[in-house]
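Worksheet: one structure, shown below.
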Amino acid sequence: PNELDCVLSRIMVQCAISNIKATNLNGKEEEQKGDEEILLHVTLPLPEGQGCQQISLSHQNHDDCVRHLFTPLNSEYAQMELVDMVNNNGDVLGSLPRPYVHTYNCLHRGIGMVVTKNKCIFDTKNNDSGGTSTLPNVYVHQRTSTKRVFPSLYDMFVGGVSASGEDATWTAAREVAEELGLKRALTVLEEGVDNTSLDNPLSDELFQCTICTSYNRCVVSMFTYTCDTSSETIEWQEEEVA
């Protein structure tokens with residue numbers, strides 16, 4: 001088998017584990033089982049000439065389970081950030097170390113966001129004495145030359161990949177805080193304020209779309225963020241913005 005076969009087999013095992021857990025839960029068996037209860041014994045392929053991996057999987061933490069599966073394949077990758085592989089509807093099939101997502105162009109989850117200045121992009125109220133409605137300014141930046149996708153091009157979106165199990169709203173708040181230093185939305189979420197609060201500059205999820213290119217395949221959740229320049233200042237992340 002090649003490496004891709006080995007990666008996909010580990011995704012299939014996670015699907016099987018999820019189905020077993022769901023069946024046990026529906027039958028109310030889960031409550032009687034401890035963390036060490038074995039759910040599945042499986043033999044998994046390793047790349048050509050490296051034999052097989054025999055493994056027993058229990059009710060362990062999800063991330064620990066995924067790292068256990070991938071460590072014999074690549075121990076360095078297994079300790080890196082985990083990302084969810086999804087189907088065309090955005091349903092999670094399983095998790096894998098992020099480098100495999102890029103190497104094999106696996107369909108995964110992410111977010112895109114339009115950032116506007118002082119006014120929500122959907123605010124159509126009259127903005128001047130003549131009664132004319134004006135659209136807000138939209139933030140645009142130049143991507144660094146080291147970016148894997150669209151290097152050195154201008155970009156009107158803030159975007160990023162969702163970590164395994166991470167809600168899209170949290171991904172959006174985290175990414176705009178990391179890339180632009182705009183942290184109000186992340187603070188709102190961390191403090192537990194409802195997302196419909198007037199103090200939250202981040203919109204609800206607007207829609208999903210699937211981006212498919214020869215080097216990036218992602219189910220993207222779209223948001224908007226309203227930057228209040230009276231209280232926030234954009235601070236670029238060096239590796240993201242040229």
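By convention in this document, the chains of the structure tokens carry letters A, B, ... by their order, each chain's residues are numbered from 1, and ligands are numbered from 1 in the order they are shown.
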
- Near-Pro97 of chain A list (7 Å; only C-alpha atoms; drop same-chain fewer than 4 positions) as a list of chain:residue names: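 After dropping sequence-adjacent residues, the list is A:Tyr77, A:Ala78, A:Met80, A:Glu81, A:Leu82, A:Val83.
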
Output the selection as an mmCIF file, in the first residue's frame - N, CA, C and O atoms for each residue.
```
data_model
loop_
_atom_site.group_PDB
_atom_site.id
_atom_site.type_symbol
_atom_site.label_atom_id
_atom_site.label_comp_id
_atom_site.auth_asym_id
_atom_site.auth_seq_id
_atom_site.Cartn_x
_atom_site.Cartn_y
_atom_site.Cartn_z
ATOM 1 N N TYR A 77 4.499 13.696 12.526
ATOM 2 C CA TYR A 77 3.191 14.221 12.121
ATOM 3 C C TYR A 77 2.144 13.970 13.196
ATOM 4 O O TYR A 77 1.257 14.791 13.429
ATOM 5 N N ALA A 78 2.218 12.812 13.857
ATOM 6 C CA ALA A 78 1.188 12.415 14.825
ATOM 7 C C ALA A 78 1.082 13.386 15.988
ATOM 8 O O ALA A 78 0.038 13.453 16.652
ATOM 9 N N MET A 80 1.412 16.696 15.630
ATOM 10 C CA MET A 80 1.041 18.011 15.097
ATOM 11 C C MET A 80 -0.464 18.240 15.219
ATOM 12 O O MET A 80 -1.220 17.372 15.651
ATOM 13 N N GLU A 81 -0.892 19.435 14.816
ATOM 14 C CA GLU A 81 -2.309 19.817 14.878
ATOM 15 C C GLU A 81 -3.168 18.811 14.119
ATOM 16 O O GLU A 81 -2.829 18.389 13.016
ATOM 17 N N LEU A 82 -4.301 18.440 14.714
ATOM 18 C CA LEU A 82 -5.244 17.530 14.074
ATOM 19 C C LEU A 82 -6.355 18.311 13.384
ATOM 20 O O LEU A 82 -6.855 19.315 13.903
ATOM 21 N N VAL A 83 -6.751 17.829 12.213
ATOM 22 C CA VAL A 83 -7.777 18.468 11.392
ATOM 23 C C VAL A 83 -8.801 17.408 11.008
ATOM 24 O O VAL A 83 -8.463 16.236 10.824
#
```

- Query: Contacts of segment 51-64 of chain A at 7 Å or less, counting only C-alpha atoms, minus same-chain residues fewer than 5 places along, as a PyMOL selection string?
  - Reply: chain A and resi 35-46

Same residues, all heavy atoms, output as a CSV table (one decimal), in the first residue's frame:
```
chain,number,residue,atom,x,y,z
A,35,ASP,N,-13.0,3.5,30.6
A,35,ASP,CA,-12.1,4.0,29.5
A,35,ASP,C,-11.3,2.9,28.9
A,35,ASP,O,-10.8,3.1,27.7
A,35,ASP,CB,-11.2,5.1,30.1
A,35,ASP,CG,-12.0,6.4,30.5
A,35,ASP,OD1,-13.1,6.5,30.0
A,35,ASP,OD2,-11.5,7.2,31.2
A,36,GLU,N,-11.0,1.9,29.6
A,36,GLU,CA,-10.1,0.8,29.1
A,36,GLU,C,-10.9,-0.3,28.3
A,36,GLU,O,-10.2,-1.2,27.8
A,36,GLU,CB,-9.3,0.2,30.3
A,36,GLU,CG,-8.4,1.2,31.0
A,36,GLU,CD,-7.5,1.9,30.1
A,36,GLU,OE1,-6.9,1.3,29.2
A,36,GLU,OE2,-7.4,3.2,30.2
A,37,GLU,N,-12.2,-0.2,28.3
A,37,GLU,CA,-13.0,-1.2,27.6
A,37,GLU,C,-12.6,-1.2,26.1
A,37,GLU,O,-12.6,-0.1,25.4
A,37,GLU,CB,-14.5,-0.9,27.7
A,37,GLU,CG,-15.4,-1.9,27.0
A,37,GLU,CD,-15.5,-3.2,27.7
A,37,GLU,OE1,-15.2,-3.2,29.0
A,37,GLU,OE2,-15.8,-4.2,27.1
A,38,ILE,N,-12.2,-2.3,25.5
A,38,ILE,CA,-11.7,-2.4,24.2
A,38,ILE,C,-12.9,-2.4,23.2
A,38,ILE,O,-13.9,-3.2,23.4
A,38,ILE,CB,-10.9,-3.7,23.9
A,38,ILE,CG1,-9.7,-3.7,24.8
A,38,ILE,CG2,-10.5,-3.8,22.4
A,38,ILE,CD1,-8.7,-2.5,24.6
A,39,LEU,N,-12.9,-1.5,22.3
A,39,LEU,CA,-14.0,-1.3,21.3
A,39,LEU,C,-13.7,-2.1,20.0
A,39,LEU,O,-14.6,-2.6,19.4
A,39,LEU,CB,-14.3,0.1,21.0
A,39,LEU,CG,-14.8,1.0,22.1
A,39,LEU,CD1,-14.9,2.5,21.6
A,39,LEU,CD2,-16.2,0.5,22.5
A,40,LEU,N,-12.4,-2.1,19.7
A,40,LEU,CA,-12.1,-2.6,18.3
A,40,LEU,C,-10.6,-3.1,18.3
A,40,LEU,O,-9.7,-2.4,18.8
A,40,LEU,CB,-12.3,-1.5,17.3
A,40,LEU,CG,-12.1,-1.9,15.8
A,40,LEU,CD1,-13.2,-2.9,15.4
A,40,LEU,CD2,-12.2,-0.6,14.9
A,41,HIS,N,-10.4,-4.3,17.8
A,41,HIS,CA,-9.1,-4.8,17.5
A,41,HIS,C,-8.9,-4.7,16.0
A,41,HIS,O,-9.8,-5.1,15.2
A,41,HIS,CB,-8.9,-6.2,17.9
A,41,HIS,CG,-8.9,-6.4,19.4
A,41,HIS,ND1,-7.9,-6.1,20.2
A,41,HIS,CD2,-9.9,-7.0,20.2
A,41,HIS,CE1,-8.3,-6.4,21.5
A,41,HIS,NE2,-9.5,-6.9,21.5
A,42,VAL,N,-7.8,-4.1,15.5
A,42,VAL,CA,-7.7,-3.9,14.1
A,42,VAL,C,-6.2,-4.0,13.6
A,42,VAL,O,-5.3,-3.7,14.4
A,42,VAL,CB,-8.3,-2.5,13.7
A,42,VAL,CG1,-7.5,-1.4,14.3
A,42,VAL,CG2,-8.3,-2.3,12.2
A,43,THR,N,-6.0,-4.5,12.4
A,43,THR,CA,-4.7,-4.5,11.8
A,43,THR,C,-4.7,-3.5,10.6
A,43,THR,O,-5.5,-3.6,9.7
A,43,THR,CB,-4.4,-5.9,11.3
A,43,THR,OG1,-4.4,-6.8,12.4
A,43,THR,CG2,-3.0,-5.9,10.7
A,44,LEU,N,-3.8,-2.6,10.7
A,44,LEU,CA,-3.7,-1.5,9.7
A,44,LEU,C,-2.4,-1.6,8.9
A,44,LEU,O,-1.4,-1.9,9.4
A,44,LEU,CB,-3.8,-0.1,10.4
A,44,LEU,CG,-5.1,0.2,11.1
A,44,LEU,CD1,-5.0,1.4,12.0
A,44,LEU,CD2,-6.2,0.4,10.0
A,45,PRO,N,-2.5,-1.2,7.6
A,45,PRO,CA,-1.3,-1.2,6.8
A,45,PRO,C,-0.4,-0.1,7.1
A,45,PRO,O,-0.7,1.0,7.6
A,45,PRO,CB,-1.9,-1.1,5.4
A,45,PRO,CG,-3.1,-0.3,5.6
A,45,PRO,CD,-3.7,-0.7,6.9
A,46,LEU,N,0.9,-0.4,6.9
A,46,LEU,CA,2.0,0.6,6.9
A,46,LEU,C,2.5,0.7,5.5
A,46,LEU,O,2.3,-0.2,4.6
A,46,LEU,CB,3.1,0.3,7.9
A,46,LEU,CG,2.6,0.3,9.4
A,46,LEU,CD1,3.7,-0.3,10.3
A,46,LEU,CD2,2.3,1.8,9.8
```

- as a PyMOL selection string, which residues of segment 72-172 of chain A does DSSP assign to alpha helix (DSSP H)? chain A and resi 75-78+98-104+168-172

Could those selected residues go to a file with all heavy atoms, as a short mmCIF file (atom, residue, chain, number, x, y, z; two decimals), in the first residue's frame?
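Done, and the output landed in out_11.cif:
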```
data_model
loop_
_atom_site.label_atom_id
_atom_site.label_comp_id
_atom_site.auth_asym_id
_atom_site.auth_seq_id
_atom_site.Cartn_x
_atom_site.Cartn_y
_atom_site.Cartn_z
N SER A 75 5.62 9.43 13.31
CA SER A 75 5.57 9.86 14.71
C SER A 75 5.65 11.38 14.84
O SER A 75 5.07 11.96 15.77
CB SER A 75 6.68 9.20 15.52
OG SER A 75 7.96 9.51 14.98
N GLU A 76 6.34 12.05 13.92
CA GLU A 76 6.44 13.51 13.97
C GLU A 76 5.10 14.15 13.61
O GLU A 76 4.61 15.03 14.32
CB GLU A 76 7.52 14.00 13.02
CG GLU A 76 7.72 15.51 13.05
CD GLU A 76 8.80 15.99 12.09
OE1 GLU A 76 9.45 15.13 11.46
OE2 GLU A 76 8.99 17.21 11.97
N TYR A 77 4.50 13.70 12.53
CA TYR A 77 3.19 14.22 12.12
C TYR A 77 2.14 13.97 13.20
O TYR A 77 1.26 14.79 13.43
CB TYR A 77 2.73 13.56 10.83
CG TYR A 77 3.36 14.09 9.56
CD1 TYR A 77 4.38 15.04 9.60
CD2 TYR A 77 2.95 13.62 8.31
CE1 TYR A 77 4.97 15.51 8.43
CE2 TYR A 77 3.52 14.09 7.13
CZ TYR A 77 4.52 15.02 7.20
OH TYR A 77 5.09 15.49 6.04
N ALA A 78 2.22 12.81 13.86
CA ALA A 78 1.19 12.41 14.83
C ALA A 78 1.08 13.39 15.99
O ALA A 78 0.04 13.45 16.65
CB ALA A 78 1.47 11.01 15.34
N ARG A 98 -2.46 17.56 10.31
CA ARG A 98 -2.63 18.56 9.26
C ARG A 98 -1.72 18.38 8.04
O ARG A 98 -2.16 18.63 6.91
CB ARG A 98 -2.44 19.97 9.86
CG ARG A 98 -2.71 21.09 8.87
CD ARG A 98 -2.88 22.41 9.58
NE ARG A 98 -3.04 23.51 8.64
CZ ARG A 98 -3.44 24.73 8.97
NH1 ARG A 98 -3.72 25.00 10.23
NH2 ARG A 98 -3.57 25.66 8.06
N PRO A 99 -0.46 17.94 8.18
CA PRO A 99 0.36 17.79 6.97
C PRO A 99 -0.23 16.87 5.93
O PRO A 99 -0.04 17.07 4.72
CB PRO A 99 1.68 17.23 7.53
CG PRO A 99 1.75 17.75 8.92
CD PRO A 99 0.34 17.72 9.41
N TYR A 100 -0.97 15.84 6.36
CA TYR A 100 -1.58 14.93 5.39
C TYR A 100 -2.68 15.62 4.59
O TYR A 100 -2.92 15.29 3.42
CB TYR A 100 -2.18 13.71 6.10
CG TYR A 100 -1.15 12.76 6.68
CD1 TYR A 100 -1.16 12.44 8.03
CD2 TYR A 100 -0.19 12.16 5.87
CE1 TYR A 100 -0.22 11.56 8.56
CE2 TYR A 100 0.75 11.29 6.39
CZ TYR A 100 0.72 11.00 7.74
OH TYR A 100 1.65 10.12 8.26
N VAL A 101 -3.37 16.56 5.21
CA VAL A 101 -4.42 17.32 4.51
C VAL A 101 -3.81 18.04 3.31
O VAL A 101 -4.39 18.04 2.22
CB VAL A 101 -5.09 18.33 5.46
CG1 VAL A 101 -6.00 19.27 4.70
CG2 VAL A 101 -5.88 17.60 6.54
N HIS A 102 -2.64 18.64 3.51
CA HIS A 102 -1.99 19.38 2.42
C HIS A 102 -1.34 18.43 1.41
O HIS A 102 -1.42 18.67 0.19
CB HIS A 102 -0.94 20.33 2.99
CG HIS A 102 -1.50 21.34 3.95
ND1 HIS A 102 -2.66 22.03 3.68
CD2 HIS A 102 -1.07 21.76 5.16
CE1 HIS A 102 -2.92 22.86 4.69
NE2 HIS A 102 -1.98 22.71 5.61
N THR A 103 -0.74 17.37 1.89
CA THR A 103 -0.05 16.45 0.99
C THR A 103 -1.02 15.78 0.02
O THR A 103 -0.72 15.67 -1.18
CB THR A 103 0.68 15.36 1.80
OG1 THR A 103 1.64 15.97 2.67
CG2 THR A 103 1.40 14.38 0.87
N TYR A 104 -2.18 15.37 0.52
CA TYR A 104 -3.12 14.61 -0.30
C TYR A 104 -4.39 15.40 -0.63
O TYR A 104 -5.35 14.83 -1.17
CB TYR A 104 -3.48 13.30 0.40
CG TYR A 104 -2.26 12.42 0.57
CD1 TYR A 104 -1.73 12.15 1.84
CD2 TYR A 104 -1.61 11.90 -0.54
CE1 TYR A 104 -0.60 11.37 1.98
CE2 TYR A 104 -0.47 11.11 -0.40
CZ TYR A 104 0.03 10.85 0.86
OH TYR A 104 1.16 10.09 1.00
N ALA A 168 -17.09 26.20 13.99
CA ALA A 168 -16.70 27.20 12.99
C ALA A 168 -16.67 28.61 13.57
O ALA A 168 -15.82 29.42 13.20
CB ALA A 168 -17.66 27.13 11.80
N THR A 169 -17.60 28.92 14.48
CA THR A 169 -17.62 30.25 15.08
C THR A 169 -16.35 30.51 15.89
O THR A 169 -15.78 31.61 15.84
CB THR A 169 -18.86 30.41 15.99
OG1 THR A 169 -20.04 30.25 15.19
CG2 THR A 169 -18.89 31.78 16.64
N TRP A 170 -15.90 29.50 16.61
CA TRP A 170 -14.65 29.64 17.36
C TRP A 170 -13.46 29.77 16.41
O TRP A 170 -12.52 30.54 16.67
CB TRP A 170 -14.45 28.44 18.30
CG TRP A 170 -15.22 28.59 19.57
CD1 TRP A 170 -16.49 28.18 19.84
CD2 TRP A 170 -14.75 29.21 20.78
NE1 TRP A 170 -16.85 28.49 21.12
CE2 TRP A 170 -15.80 29.12 21.73
CE3 TRP A 170 -13.55 29.81 21.15
CZ2 TRP A 170 -15.69 29.62 23.02
CZ3 TRP A 170 -13.42 30.32 22.45
CH2 TRP A 170 -14.49 30.22 23.36
N THR A 171 -13.47 29.04 15.31
CA THR A 171 -12.40 29.17 14.32
C THR A 171 -12.33 30.60 13.79
O THR A 171 -11.26 31.20 13.69
CB THR A 171 -12.60 28.21 13.14
OG1 THR A 171 -12.74 26.88 13.62
CG2 THR A 171 -11.43 28.28 12.17
N ALA A 172 -13.51 31.17 13.47
CA ALA A 172 -13.56 32.53 12.94
C ALA A 172 -13.02 33.54 13.94
O ALA A 172 -12.21 34.41 13.60
CB ALA A 172 -15.00 32.88 12.55
#
```

- Task: Calculate how many Å separate atom CA of Cys209 of chain A from atom CA of Leu4 of chain A, rounding to one decimal.
- Result: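 Separation of atom CA of Cys209 of chain A and atom CA of Leu4 of chain A: 25.6 Å.
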
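The nearest approach to Leu8 of chain A among the residues A:Ala242, A:Ile20, A:Leu69, A:Arg143, with only C-alpha atoms taken into account, belongs to A:Leu69.
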
- May I ask which of the residues A:Ser162, A:Ser231, A:Thr116, A:Ser95 is the closest one to Val13 of chain A, counting only C-alpha atoms?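 Nearest to Val13 of chain A: A:Ser95.
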
- strand (DSSP E or B) call set, DSSP backbone run, segment 81-116 of chain A, as JSON, numbers by chain: {"A": [82, 83, 84, 85, 86, 92, 93, 94, 95, 96, 97, 108, 109, 110, 111, 112, 113, 114, 115, 116]}

C-alpha atoms of the current selection, written as a CSV table (one decimal), in the first residue's frame:
```
chain,number,residue,atom,x,y,z
A,82,LEU,CA,-5.2,17.5,14.1
A,83,VAL,CA,-7.8,18.5,11.4
A,84,ASP,CA,-11.1,16.9,10.5
A,85,MET,CA,-11.5,15.2,7.1
A,86,VAL,CA,-15.1,15.7,5.9
A,92,VAL,CA,-16.8,14.7,9.8
A,93,LEU,CA,-15.4,11.3,8.7
A,94,GLY,CA,-12.3,11.3,11.0
A,95,SER,CA,-9.3,13.3,12.0
A,96,LEU,CA,-5.7,13.3,10.8
A,97,PRO,CA,-2.5,15.4,11.3
A,108,HIS,CA,-11.5,19.5,5.4
A,109,ARG,CA,-13.3,22.3,7.3
A,110,GLY,CA,-12.4,26.0,7.4
A,111,ILE,CA,-13.7,29.5,7.6
A,112,GLY,CA,-13.7,32.7,5.5
A,113,MET,CA,-14.5,36.2,6.7
A,114,VAL,CA,-15.1,39.6,5.3
A,115,VAL,CA,-13.9,42.4,7.7
A,116,THR,CA,-15.6,45.8,7.4
```

Can you write out as a tab-separated table which residues of segment 156-215 of chain A fall within 12 Å of segment 235-238 of chain A, alongside each residue's closest atom pair and its distance in Å to one decimal, counting only C-alpha atoms and ordering rows by chain and ascending residue number?
```
residue	atom	partner	partner_atom	distance
A:Val158	CA	A:Trp236	CA	11.5
A:Glu175	CA	A:Gln237	CA	10.4
A:Val176	CA	A:Trp236	CA	10.0
A:Ala177	CA	A:Glu235	CA	9.1
A:Glu178	CA	A:Gln237	CA	6.6
A:Glu179	CA	A:Gln237	CA	4.9
A:Leu180	CA	A:Trp236	CA	4.9
A:Gly181	CA	A:Glu235	CA	4.9
A:Leu182	CA	A:Glu235	CA	7.7
A:Lys183	CA	A:Glu235	CA	10.5
```

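Here atom CA of Arg148 of chain A and atom CA of Arg174 of chain A stand 20.2 Å from one another.
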
- Item | Nearby residues (only C-alpha atoms) at most 7 Å from His141 of chain A, same-chain spacing under 4 positions excluded, as a list of chain:residue names |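 Counting only C-alpha atoms, the residues come to A:Tyr154, A:Asp155, A:Met156, A:Val241.
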
- Item | Using only C-alpha atoms: which of A:Arg184, A:Asn74, A:Leu107, A:Asn89 has the shortest distance to Ile234 of chain A | A:Arg184

- Item | Nearest to Cys120 of chain A by atom-to-atom distance, counting only C-alpha atoms, from A:Glu239, A:Asp228, A:Met12, A:Phe70 |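 Ranked by minimum distance to Cys120 of chain A, first place goes to A:Asp228.
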
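For the choices A:Cys218, A:Leu153, A:Val188, A:Val66, the atom-to-atom distance to Cys15 of chain A is smallest for A:Val66 when using only C-alpha atoms.
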
- For Thr229 of chain A, the closest of A:Asp91, A:Pro47, A:Pro201, A:Asp167 counting only C-alpha atoms is A:Pro201
